[in-house]
$ cat query.cif   # mmCIF, C-alpha atoms
data_protein
loop_
_atom_site.label_atom_id
_atom_site.label_comp_id
_atom_site.auth_asym_id
_atom_site.auth_seq_id
_atom_site.Cartn_x
_atom_site.Cartn_y
_atom_site.Cartn_z
CA GLN Y 1 14.49 1.60 -4.94
CA HIS Y 2 10.91 1.69 -6.08
CA GLY Y 3 11.50 3.97 -9.06
CA TYR Y 4 11.93 0.93 -11.31
CA HIS Y 5 8.47 -0.35 -10.36
CA ALA Y 6 6.46 2.84 -9.82
CA GLY Y 7 2.92 2.67 -11.16
CA HIS Y 8 2.92 -1.03 -11.99
CA PHE Y 9 -0.10 -3.26 -11.29
CA ALA Y 10 1.00 -3.95 -7.71
CA ASP Y 11 1.02 -0.21 -6.98
CA VAL Y 12 -2.49 0.05 -8.38
CA LEU Y 13 -3.77 -2.51 -5.87
CA LYS Y 14 -1.76 -1.17 -2.93
CA HIS Y 15 -2.69 2.44 -3.47
CA SER Y 16 -6.34 1.92 -4.39
CA VAL Y 17 -6.88 -0.13 -1.21
CA SER Y 18 -4.94 2.35 0.92
CA ILE Y 19 -6.98 5.26 -0.43
CA GLN Y 20 -10.22 3.48 0.48
CA ILE Y 21 -8.95 2.90 4.02
CA LEU Y 22 -7.85 6.50 4.46
CA ASN Y 23 -11.09 7.86 3.02
CA TYR Y 24 -13.06 5.81 5.54
CA LEU Y 25 -10.91 6.62 8.58
CA THR Y 26 -10.99 10.37 7.89
CA GLN Y 27 -14.80 10.48 7.97
CA LYS Y 28 -14.58 10.91 11.73
CA SER Y 29 -13.26 14.25 12.94
CA LYS Y 30 -11.02 12.69 15.60
CA PRO Y 31 -7.26 12.80 14.84
CA LEU Y 32 -5.66 9.88 13.02
CA PHE Y 33 -2.09 8.59 13.15
CA TYR Y 34 -0.53 7.26 9.92
CA LEU Y 35 2.66 5.20 9.93
CA ASP Y 36 4.49 4.01 6.81
CA THR Y 37 7.21 1.47 7.64
CA HIS Y 38 8.87 1.47 4.19
CA ALA Y 39 7.97 4.86 2.78
CA GLY Y 40 10.32 5.20 -0.19
CA CYS Y 41 10.91 8.69 -1.56
CA GLY Y 42 7.23 9.58 -2.03
CA ALA Y 43 7.31 10.65 -5.70
CA PHE Y 44 8.53 9.16 -8.99
CA ARG Y 45 9.22 10.40 -12.50
CA LEU Y 46 7.91 7.93 -15.08
CA THR Y 47 9.98 9.60 -17.80
CA GLY Y 48 13.19 9.02 -15.83
CA PRO Y 49 15.78 6.28 -16.44
CA GLN Y 50 14.60 3.99 -13.63
CA ALA Y 51 10.95 3.86 -14.73
CA GLN Y 52 11.91 3.72 -18.39
CA LYS Y 53 14.20 0.71 -17.98
CA ASN Y 54 11.36 -1.84 -18.00
CA LYS Y 55 8.33 0.50 -18.25
CA GLU Y 56 6.50 -1.47 -15.59
CA TYR Y 57 3.91 1.28 -15.26
CA GLU Y 58 2.51 0.04 -18.58
CA THR Y 59 1.10 -2.97 -16.69
CA GLY Y 60 -0.68 -0.68 -14.22
CA ILE Y 61 -1.53 2.99 -14.23
CA SER Y 62 -1.16 3.31 -18.03
CA ARG Y 63 -4.07 0.91 -18.50
CA LEU Y 64 -6.33 3.07 -16.32
CA TRP Y 65 -5.14 6.57 -17.18
CA GLN Y 66 -7.78 7.29 -19.84
CA GLY Y 67 -10.61 6.17 -17.56
CA SER Y 68 -14.20 7.26 -18.10
CA ALA Y 69 -16.40 9.31 -15.80
CA GLN Y 70 -18.35 6.17 -14.91
CA GLU Y 71 -15.52 4.35 -13.14
CA PRO Y 72 -16.36 2.44 -9.94
CA THR Y 73 -15.28 4.07 -6.68
CA LEU Y 74 -12.16 1.93 -6.25
CA ILE Y 75 -10.78 3.13 -9.59
CA SER Y 76 -12.19 6.66 -9.65
CA ASP Y 77 -10.83 7.57 -6.18
CA TYR Y 78 -7.43 6.20 -7.18
CA LEU Y 79 -7.36 8.01 -10.52
CA HIS Y 80 -8.42 11.27 -8.90
CA TRP Y 81 -5.20 11.42 -6.88
CA ILE Y 82 -2.91 10.18 -9.65
CA LYS Y 83 -4.29 12.84 -11.99
CA THR Y 84 -4.02 15.47 -9.23
CA PHE Y 85 -0.37 14.56 -8.78
CA ASN Y 86 0.34 14.93 -12.51
CA GLN Y 87 -1.63 18.17 -12.98
CA THR Y 88 -1.70 17.49 -16.72
CA THR Y 89 -3.49 15.24 -19.18
CA THR Y 90 -0.20 13.42 -19.83
CA LEU Y 91 0.99 10.71 -17.46
CA THR Y 92 4.56 11.63 -16.49
CA HIS Y 93 4.75 11.17 -12.71
CA TYR Y 94 3.51 8.76 -10.05
CA PRO Y 95 3.03 9.41 -6.31
CA GLY Y 96 4.15 7.13 -3.51
CA SER Y 97 2.12 6.18 -0.46
CA PRO Y 98 3.46 9.09 1.65
CA TRP Y 99 2.18 11.69 -0.82
CA LEU Y 100 -1.23 10.06 -1.06
CA ALA Y 101 -1.56 9.96 2.73
CA GLN Y 102 -0.34 13.56 2.99
CA GLN Y 103 -3.11 14.71 0.65
CA ILE Y 104 -5.98 12.76 2.21
CA LEU Y 105 -5.14 13.37 5.87
CA ARG Y 106 -6.39 16.50 7.65
CA PRO Y 107 -4.65 19.22 9.69
CA GLN Y 108 -5.38 17.36 12.95
CA ASP Y 109 -3.71 14.15 11.73
CA ARG Y 110 -0.09 13.04 12.15
CA LEU Y 111 2.27 11.09 9.87
CA ALA Y 112 5.43 9.10 10.66
CA LEU Y 113 7.43 7.97 7.62
CA TYR Y 114 10.32 5.51 7.79
CA GLU Y 115 12.86 4.86 5.04
CA ARG Y 116 16.24 3.22 5.57
CA HIS Y 117 17.90 3.71 2.17
CA PRO Y 118 20.07 6.87 2.39
CA ARG Y 119 19.30 8.32 -1.06
CA GLU Y 120 15.61 7.48 -0.91
CA TYR Y 121 15.41 8.99 2.57
CA GLN Y 122 17.03 12.22 1.35
CA ARG Y 123 14.44 12.47 -1.42
CA LEU Y 124 11.65 11.69 1.02
CA GLN Y 125 12.76 14.53 3.26
CA GLN Y 126 12.80 16.89 0.30
CA ASN Y 127 9.38 15.80 -0.95
CA MET Y 128 7.73 16.01 2.48
CA ARG Y 129 9.36 19.26 3.64
CA ASN Y 130 7.38 22.14 5.12
CA ASP Y 131 4.61 19.94 6.52
CA ALA Y 132 4.50 20.13 10.30
CA ARG Y 133 2.30 17.04 10.52
CA ILE Y 134 5.05 14.82 9.12
CA LYS Y 135 8.15 13.36 10.76
CA THR Y 136 10.60 11.30 8.72
CA TYR Y 137 13.07 8.77 10.11
CA GLN Y 138 16.03 7.02 8.52
CA THR Y 139 15.86 3.77 10.45
CA ASP Y 140 14.35 0.30 10.53
CA GLY Y 141 10.64 0.55 9.78
CA PHE Y 142 9.84 -2.80 11.38
CA GLN Y 143 11.01 -1.63 14.78
CA ALA Y 144 9.28 1.73 14.25
CA CYS Y 145 6.01 -0.10 13.97
CA LEU Y 146 6.46 -1.13 17.59
CA SER Y 147 8.15 1.96 19.07
CA GLN Y 148 5.38 4.33 17.93
CA LEU Y 149 2.49 2.22 19.18
CA PRO Y 150 0.03 2.79 20.67
CA PRO Y 151 -0.32 6.32 19.27
CA ARG Y 152 -1.68 9.12 21.40
CA GLU Y 153 -4.55 9.58 18.92
CA LYS Y 154 -5.84 6.07 19.73
CA ARG Y 155 -6.75 5.79 16.03
CA GLY Y 156 -4.24 4.68 13.44
CA TYR Y 157 -3.44 3.22 10.04
CA ILE Y 158 -0.15 1.37 9.66
CA LEU Y 159 1.04 0.52 6.14
CA MET Y 160 3.79 -2.09 5.83
CA ASP Y 161 5.36 -2.40 2.39
CA PRO Y 162 8.81 -4.06 2.57
CA SER Y 163 10.79 -5.06 -0.52
CA TYR Y 164 11.09 -8.74 0.51
CA GLU Y 165 14.58 -8.73 -0.97
CA VAL Y 166 15.55 -10.33 2.33
CA LYS Y 167 13.54 -13.57 2.37
CA GLN Y 168 13.32 -13.44 6.15
CA ASP Y 169 10.88 -10.53 5.67
CA TYR Y 170 8.08 -13.05 5.04
CA GLN Y 171 8.46 -14.25 8.64
CA THR Y 172 9.36 -10.85 10.07
CA VAL Y 173 6.16 -9.16 8.89
CA VAL Y 174 4.01 -11.70 10.75
CA GLU Y 175 5.97 -11.43 13.99
CA VAL Y 176 6.03 -7.62 13.90
CA LEU Y 177 2.33 -7.34 13.17
CA LYS Y 178 1.48 -9.78 15.97
CA LYS Y 179 3.47 -7.64 18.41
CA ALA Y 180 2.01 -4.41 17.02
CA HIS Y 181 -1.52 -5.75 17.34
CA ARG Y 182 -0.92 -6.67 20.97
CA LYS Y 183 0.16 -3.07 21.65
CA PHE Y 184 -2.55 -1.42 19.55
CA SER Y 185 -5.35 -3.87 18.82
CA GLN Y 186 -7.81 -1.27 17.47
CA GLY Y 187 -5.48 -0.03 14.73
CA THR Y 188 -5.92 -0.77 11.03
CA TYR Y 189 -2.92 -2.52 9.47
CA ALA Y 190 -2.25 -3.18 5.78
CA LEU Y 191 0.54 -5.46 4.57
CA TRP Y 192 1.53 -5.56 0.90
CA TYR Y 193 3.14 -8.70 -0.48
CA PRO Y 194 4.45 -9.85 -3.90
CA VAL Y 195 3.65 -13.25 -5.38
CA VAL Y 196 6.88 -14.60 -6.84
CA ASP Y 197 6.75 -17.96 -5.08
CA ARG Y 198 3.20 -19.11 -4.19
CA PHE Y 199 4.54 -21.46 -1.51
CA ARG Y 200 5.83 -18.47 0.48
CA ILE Y 201 2.43 -16.77 0.26
CA ASN Y 202 0.60 -19.92 1.36
CA GLN Y 203 2.88 -20.02 4.40
CA LEU Y 204 2.26 -16.32 5.02
CA GLU Y 205 -1.51 -16.82 4.97
CA LYS Y 206 -1.29 -19.80 7.32
CA ALA Y 207 0.81 -17.78 9.74
CA PHE Y 208 -1.83 -15.04 9.90
CA ILE Y 209 -4.65 -17.57 10.29
CA LEU Y 210 -2.81 -19.04 13.27
CA SER Y 211 -1.74 -15.66 14.69
CA GLY Y 212 -4.69 -15.22 17.02
CA ILE Y 213 -5.56 -11.91 15.35
CA GLN Y 214 -9.20 -11.52 14.34
CA ASN Y 215 -10.80 -9.72 11.40
CA ILE Y 216 -8.22 -10.19 8.65
CA GLN Y 217 -9.06 -9.76 4.97
CA LEU Y 218 -7.00 -10.56 1.88
CA TYR Y 219 -7.15 -8.97 -1.58
CA GLU Y 220 -5.02 -10.10 -4.50
CA LEU Y 221 -4.62 -8.92 -8.09
CA GLY Y 222 -2.68 -10.91 -10.68
CA ILE Y 223 -1.79 -10.38 -14.33
CA LYS Y 224 -0.31 -13.86 -14.91
CA GLN Y 225 -0.80 -17.35 -13.51
CA ASP Y 226 1.58 -18.51 -10.79
CA SER Y 227 3.50 -20.71 -13.21
CA ALA Y 228 4.89 -17.66 -15.03
CA GLN Y 229 8.26 -16.17 -14.12
CA GLY Y 230 8.71 -13.04 -12.03
CA MET Y 231 6.09 -11.32 -9.88
CA THR Y 232 2.80 -12.61 -11.27
CA SER Y 233 0.49 -10.98 -8.73
CA SER Y 234 0.49 -9.07 -5.47
CA GLY Y 235 -1.79 -8.78 -2.50
CA MET Y 236 -2.85 -6.82 0.54
CA ILE Y 237 -3.56 -8.37 3.93
CA VAL Y 238 -5.63 -5.95 6.01
CA ILE Y 239 -6.25 -6.25 9.76
CA ASN Y 240 -9.29 -4.41 11.13
CA PRO Y 241 -10.40 -3.13 7.72
CA PRO Y 242 -13.24 -0.63 7.31
CA TRP Y 243 -16.54 -2.50 7.38
CA THR Y 244 -17.31 -1.18 3.89
CA LEU Y 245 -14.11 -2.47 2.29
CA LEU Y 246 -15.01 -6.12 1.73
CA LYS Y 247 -18.17 -5.25 -0.18
CA THR Y 248 -16.32 -2.67 -2.28
CA MET Y 249 -13.59 -5.16 -3.17
CA LYS Y 250 -16.02 -7.97 -3.97
CA THR Y 251 -17.92 -5.69 -6.34
CA GLU Y 252 -15.13 -3.63 -7.88
CA LEU Y 253 -11.91 -5.67 -7.81
CA PRO Y 254 -13.25 -7.89 -10.65
CA ILE Y 255 -13.68 -4.73 -12.75
CA LEU Y 256 -10.17 -3.54 -11.90
CA SER Y 257 -8.82 -6.98 -12.79
CA ARG Y 258 -10.42 -6.87 -16.25
CA ARG Y 259 -8.99 -3.40 -16.85
CA ILE Y 260 -5.45 -4.30 -15.75
CA SER Y 261 -4.93 -7.83 -17.00
CA ASP Y 262 -5.27 -9.94 -20.13
CA SER Y 263 -6.80 -13.41 -20.29
CA ASP Y 264 -4.38 -14.80 -17.66
CA GLY Y 265 -5.40 -12.25 -15.01
CA PHE Y 266 -7.17 -13.13 -11.77
CA PHE Y 267 -8.17 -11.72 -8.39
CA ARG Y 268 -8.94 -12.89 -4.85
CA VAL Y 269 -11.16 -11.38 -2.16
CA GLU Y 270 -11.27 -13.36 1.08
CA GLN Y 271 -12.14 -12.98 4.75
CA LEU Y 272 -8.98 -14.73 5.94
CA VAL Y 273 -9.95 -14.63 9.64
CA ALA Y 274 -13.43 -13.80 10.91
CA GLU Y 275 -14.22 -10.86 13.19
#
$ encode --input "query.cif" --output "structure tokens"
Amino acid sequence: QHGYHAGHFADVLKHSVSIQILNYLTQKSKPLFYLDTHAGCGAFRLTGPQAQKNKEYETGISRLWQGSAQEPTLISDYLHWIKTFNQTTTLTHYPGSPWLAQQILRPQDRLALYERHPREYQRLQQNMRNDARIKTYQTDGFQACLSQLPPREKRGYILMDPSYEVKQDYQTVVEVLKKAHRKFSQGTYALWYPVVDRFRINQLEKAFILSGIQNIQLYELGIKQDSAQGMTSSGMIVINPPWTLLKTMKTELPILSRRISDSDGFFRVEQLVAE
């Protein structure tokens, strides 16, 4: 249930990267297929009891909300949609990945959203209603990643954002993405991951390096060093990223890091596997 974490620093990274990918892929007029394996409910109330419990959004969107007109593209594109979602000068709500994709994608595009949790799925249905481009499914998003591929559009962006509450997910994501890539090698894939135990992430990176998949990039944003307790950072592993993305992240992720974090903050931008 992402309501407890909506708008925190990990959302800032995930959504800012995802927006850059969608902006690039929608430059061509040809239809695009979007698949979200762990969609959540699509919209969150920051004034509600879940978000207010730990106020995690104060580590993320709150630090960017009063941004200037001179923000770099990574931040300005992100803030544009968060402010559009709020429709007010006060930060009270935060969108999920499905809403962001719904706004950026065009009439010719198609969206498939998967959410297994019954209550979150009900809210997702309500939030995404009356949009003929969108189909929602209450089932396992990992398997959906395989059943829907390759898409008829022959162009696609697949976002994978599991909770990792089941530790096996760290192995599952690699195996599913390897199979998905074999079915649809030209697709763009983005995998979000939390850094709670650096050993698990090192193993995850090694698995992708040895996967046989080419053109993999990694971006990471942290607010604390690994020795601290809890989720200290999070990252995105992107397969077949837009050719512009690496340059954007090298130039602008350091700026985002300074805005989000204190003295213990850090970032990573790496070409994990060459093209």
$ atom_distance --input "query.cif" --atom1 "atom CA of Tyr121 of chain Y" --atom2 "atom CA of Gln138 of chain Y"
6.3 Å
$ resolve_selection --input "query.cif" --expression "the PyMOL selection byres ((chain Y and resi 24) around 10)" --output "NGL selection string"
:Y and (18-23 or 25-28 or 241-245)
$ closest_residue --input "query.cif" --among "Y:Ser163, Y:Asn130, Y:Thr89, Y:Thr37" --to "Gly67 of chain Y" --atoms "only C-alpha atoms"
Y:Thr89
$ residues_around --input "query.cif" --residues "Arg198 of chain Y" --least-positions-apart "4" --cutoff "9 Å" --atoms "all atoms listed in the file" --output "list in words"
Asn202, Gln203 and Asp226 of chain Y
$ resolve_selection --input "query.cif" --expression "the PyMOL selection byres ((chain Y and resi 267) around 9)" --output "number ranges by chain"
Y: 219-223, 233, 253-254, 257, 265-266, 268-269
$ resolve_selection --input "query.cif" --expression "the PyMOL selection byres ((chain Y and resi 96-110) around 10)" --output "ChimeraX atom specification"
/Y:2-3,6-7,11,14-15,18-19,22-23,25-26,29-36,38-44,78,81-82,84-85,94-95,111-114,124,127-128,131-135,151,153,155-156,159,161
$ atom_distance --input "query.cif" --atom1 "atom CA of Lys154 of chain Y" --atom2 "atom CA of Phe208 of chain Y"
23.6 Å
$ axis_aligned_box --input "query.cif" --around "segment 193-212 of chain Y" --padding-each-side "8 Å" --output "lines of an AutoDock Vina configuration file"
center_x = 1.1
center_y = -15.1
center_z = 5.1
size_x = 27.6
size_y = 28.8
size_z = 39.9
$ atom_distance --input "query.cif" --atom1 "atom CA of Pro162 of chain Y" --atom2 "atom CA of Thr232 of chain Y"
17.3 Å
$ residues_around --input "query.cif" --residues "Arg182 of chain Y" --least-positions-apart "3" --cutoff "10 Å" --atoms "all atoms listed in the file" --output "MDAnalysis selection string"
chainID Y and resid 146 149:150 176:179 185:186 213
$ closest_residue --input "query.cif" --among "Y:His80, Y:Lys247, Y:Arg45, Y:Arg116" --to "Gln143 of chain Y" --atoms "only C-alpha atoms"
Y:Arg116
$ closest_residue --input "query.cif" --among "Y:Gln70, Y:Thr139, Y:Glu275, Y:Met160" --to "Met236 of chain Y" --atoms "only C-alpha atoms"
Y:Met160
$ closest_residue --input "query.cif" --among "Y:Val166, Y:Lys224, Y:His181, Y:Asp77" --to "Ser261 of chain Y" --atoms "only C-alpha atoms"
Y:Lys224
$ closest_residue --input "query.cif" --among "Y:Val195, Y:Lys183, Y:Ala144, Y:Tyr137" --to "Gln229 of chain Y" --atoms "only C-alpha atoms"
Y:Val195
$ closest_residue --input "query.cif" --among "Y:His8, Y:Arg259, Y:Arg129, Y:Lys250" --to "Glu58 of chain Y" --atoms "only C-alpha atoms"
Y:His8
$ residues_near_point --input "query.cif" --point "(-9.9, -14.1, 1.6)" --cutoff "6 Å" --atoms "all atoms listed in the file" --output "ChimeraX atom specification"
/Y:217-218,269-272
$ build_atoms --input "query.cif" --residues "segment 213-239 of chain Y" --atoms "N, CA, C and O atoms" --output "short mmCIF file (atom, residue, chain, number, x, y, z; two decimals), keeping the file's coordinate frame"
data_model
loop_
_atom_site.label_atom_id
_atom_site.label_comp_id
_atom_site.auth_asym_id
_atom_site.auth_seq_id
_atom_site.Cartn_x
_atom_site.Cartn_y
_atom_site.Cartn_z
N ILE Y 213 -4.96 -13.20 15.70
CA ILE Y 213 -5.56 -11.91 15.35
C ILE Y 213 -6.88 -12.15 14.62
O ILE Y 213 -6.96 -13.01 13.74
N GLN Y 214 -7.88 -11.40 14.98
CA GLN Y 214 -9.20 -11.52 14.34
C GLN Y 214 -9.39 -10.45 13.28
O GLN Y 214 -8.67 -9.46 13.23
N ASN Y 215 -10.38 -10.68 12.43
CA ASN Y 215 -10.80 -9.72 11.40
C ASN Y 215 -9.66 -9.37 10.45
O ASN Y 215 -9.14 -8.25 10.42
N ILE Y 216 -9.27 -10.36 9.66
CA ILE Y 216 -8.22 -10.19 8.65
C ILE Y 216 -8.80 -10.49 7.27
O ILE Y 216 -9.41 -11.54 7.06
N GLN Y 217 -8.61 -9.56 6.35
CA GLN Y 217 -9.06 -9.76 4.97
C GLN Y 217 -7.87 -9.79 4.03
O GLN Y 217 -6.80 -9.24 4.34
N LEU Y 218 -8.06 -10.43 2.87
CA LEU Y 218 -7.00 -10.56 1.88
C LEU Y 218 -7.56 -10.19 0.51
O LEU Y 218 -8.64 -10.64 0.12
N TYR Y 219 -6.79 -9.36 -0.21
CA TYR Y 219 -7.15 -8.97 -1.58
C TYR Y 219 -5.93 -9.20 -2.46
O TYR Y 219 -4.83 -8.82 -2.10
N GLU Y 220 -6.15 -9.80 -3.62
CA GLU Y 220 -5.02 -10.10 -4.50
C GLU Y 220 -5.39 -9.78 -5.94
O GLU Y 220 -6.54 -10.00 -6.36
N LEU Y 221 -4.44 -9.27 -6.69
CA LEU Y 221 -4.62 -8.92 -8.09
C LEU Y 221 -3.45 -9.48 -8.87
O LEU Y 221 -2.30 -9.18 -8.57
N GLY Y 222 -3.74 -10.30 -9.90
CA GLY Y 222 -2.68 -10.91 -10.68
C GLY Y 222 -2.86 -10.65 -12.16
O GLY Y 222 -3.98 -10.55 -12.66
N ILE Y 223 -1.74 -10.57 -12.87
CA ILE Y 223 -1.79 -10.38 -14.33
C ILE Y 223 -1.33 -11.64 -15.07
O ILE Y 223 -1.49 -11.73 -16.28
N LYS Y 224 -0.75 -12.60 -14.32
CA LYS Y 224 -0.31 -13.86 -14.91
C LYS Y 224 -0.57 -14.98 -13.91
O LYS Y 224 -0.69 -14.74 -12.71
N GLN Y 225 -0.65 -16.20 -14.40
CA GLN Y 225 -0.80 -17.35 -13.51
C GLN Y 225 0.51 -17.59 -12.76
O GLN Y 225 1.58 -17.16 -13.18
N ASP Y 226 0.42 -18.31 -11.65
CA ASP Y 226 1.58 -18.51 -10.79
C ASP Y 226 2.74 -19.21 -11.48
O ASP Y 226 3.88 -19.09 -11.06
N SER Y 227 2.45 -19.96 -12.53
CA SER Y 227 3.50 -20.71 -13.21
C SER Y 227 4.45 -19.82 -14.00
O SER Y 227 5.55 -20.24 -14.38
N ALA Y 228 4.05 -18.59 -14.27
CA ALA Y 228 4.89 -17.66 -15.03
C ALA Y 228 6.05 -17.17 -14.17
O ALA Y 228 6.01 -17.23 -12.95
N GLN Y 229 7.09 -16.66 -14.83
CA GLN Y 229 8.26 -16.17 -14.12
C GLN Y 229 8.03 -14.75 -13.61
O GLN Y 229 7.23 -14.00 -14.15
N GLY Y 230 8.78 -14.40 -12.57
CA GLY Y 230 8.71 -13.04 -12.03
C GLY Y 230 7.52 -12.87 -11.09
O GLY Y 230 6.88 -13.84 -10.65
N MET Y 231 7.22 -11.61 -10.75
CA MET Y 231 6.09 -11.32 -9.88
C MET Y 231 4.81 -11.39 -10.72
O MET Y 231 4.56 -10.54 -11.56
N THR Y 232 4.01 -12.38 -10.48
CA THR Y 232 2.80 -12.61 -11.27
C THR Y 232 1.58 -11.93 -10.69
O THR Y 232 0.62 -11.65 -11.40
N SER Y 233 1.59 -11.66 -9.39
CA SER Y 233 0.49 -10.98 -8.73
C SER Y 233 1.00 -10.36 -7.44
O SER Y 233 2.15 -10.57 -7.05
N SER Y 234 0.14 -9.62 -6.78
CA SER Y 234 0.49 -9.07 -5.47
C SER Y 234 -0.78 -8.96 -4.66
O SER Y 234 -1.90 -9.05 -5.19
N GLY Y 235 -0.61 -8.80 -3.36
CA GLY Y 235 -1.79 -8.78 -2.50
C GLY Y 235 -1.66 -7.81 -1.35
O GLY Y 235 -0.58 -7.26 -1.08
N MET Y 236 -2.78 -7.62 -0.68
CA MET Y 236 -2.85 -6.82 0.54
C MET Y 236 -3.57 -7.64 1.60
O MET Y 236 -4.66 -8.16 1.36
N ILE Y 237 -2.93 -7.77 2.76
CA ILE Y 237 -3.56 -8.37 3.93
C ILE Y 237 -3.90 -7.24 4.88
O ILE Y 237 -3.01 -6.47 5.28
N VAL Y 238 -5.18 -7.10 5.21
CA VAL Y 238 -5.63 -5.95 6.01
C VAL Y 238 -6.25 -6.45 7.31
O VAL Y 238 -7.17 -7.27 7.30
N ILE Y 239 -5.74 -5.95 8.42
CA ILE Y 239 -6.25 -6.25 9.76
C ILE Y 239 -7.15 -5.09 10.20
O ILE Y 239 -6.78 -3.93 10.05
#
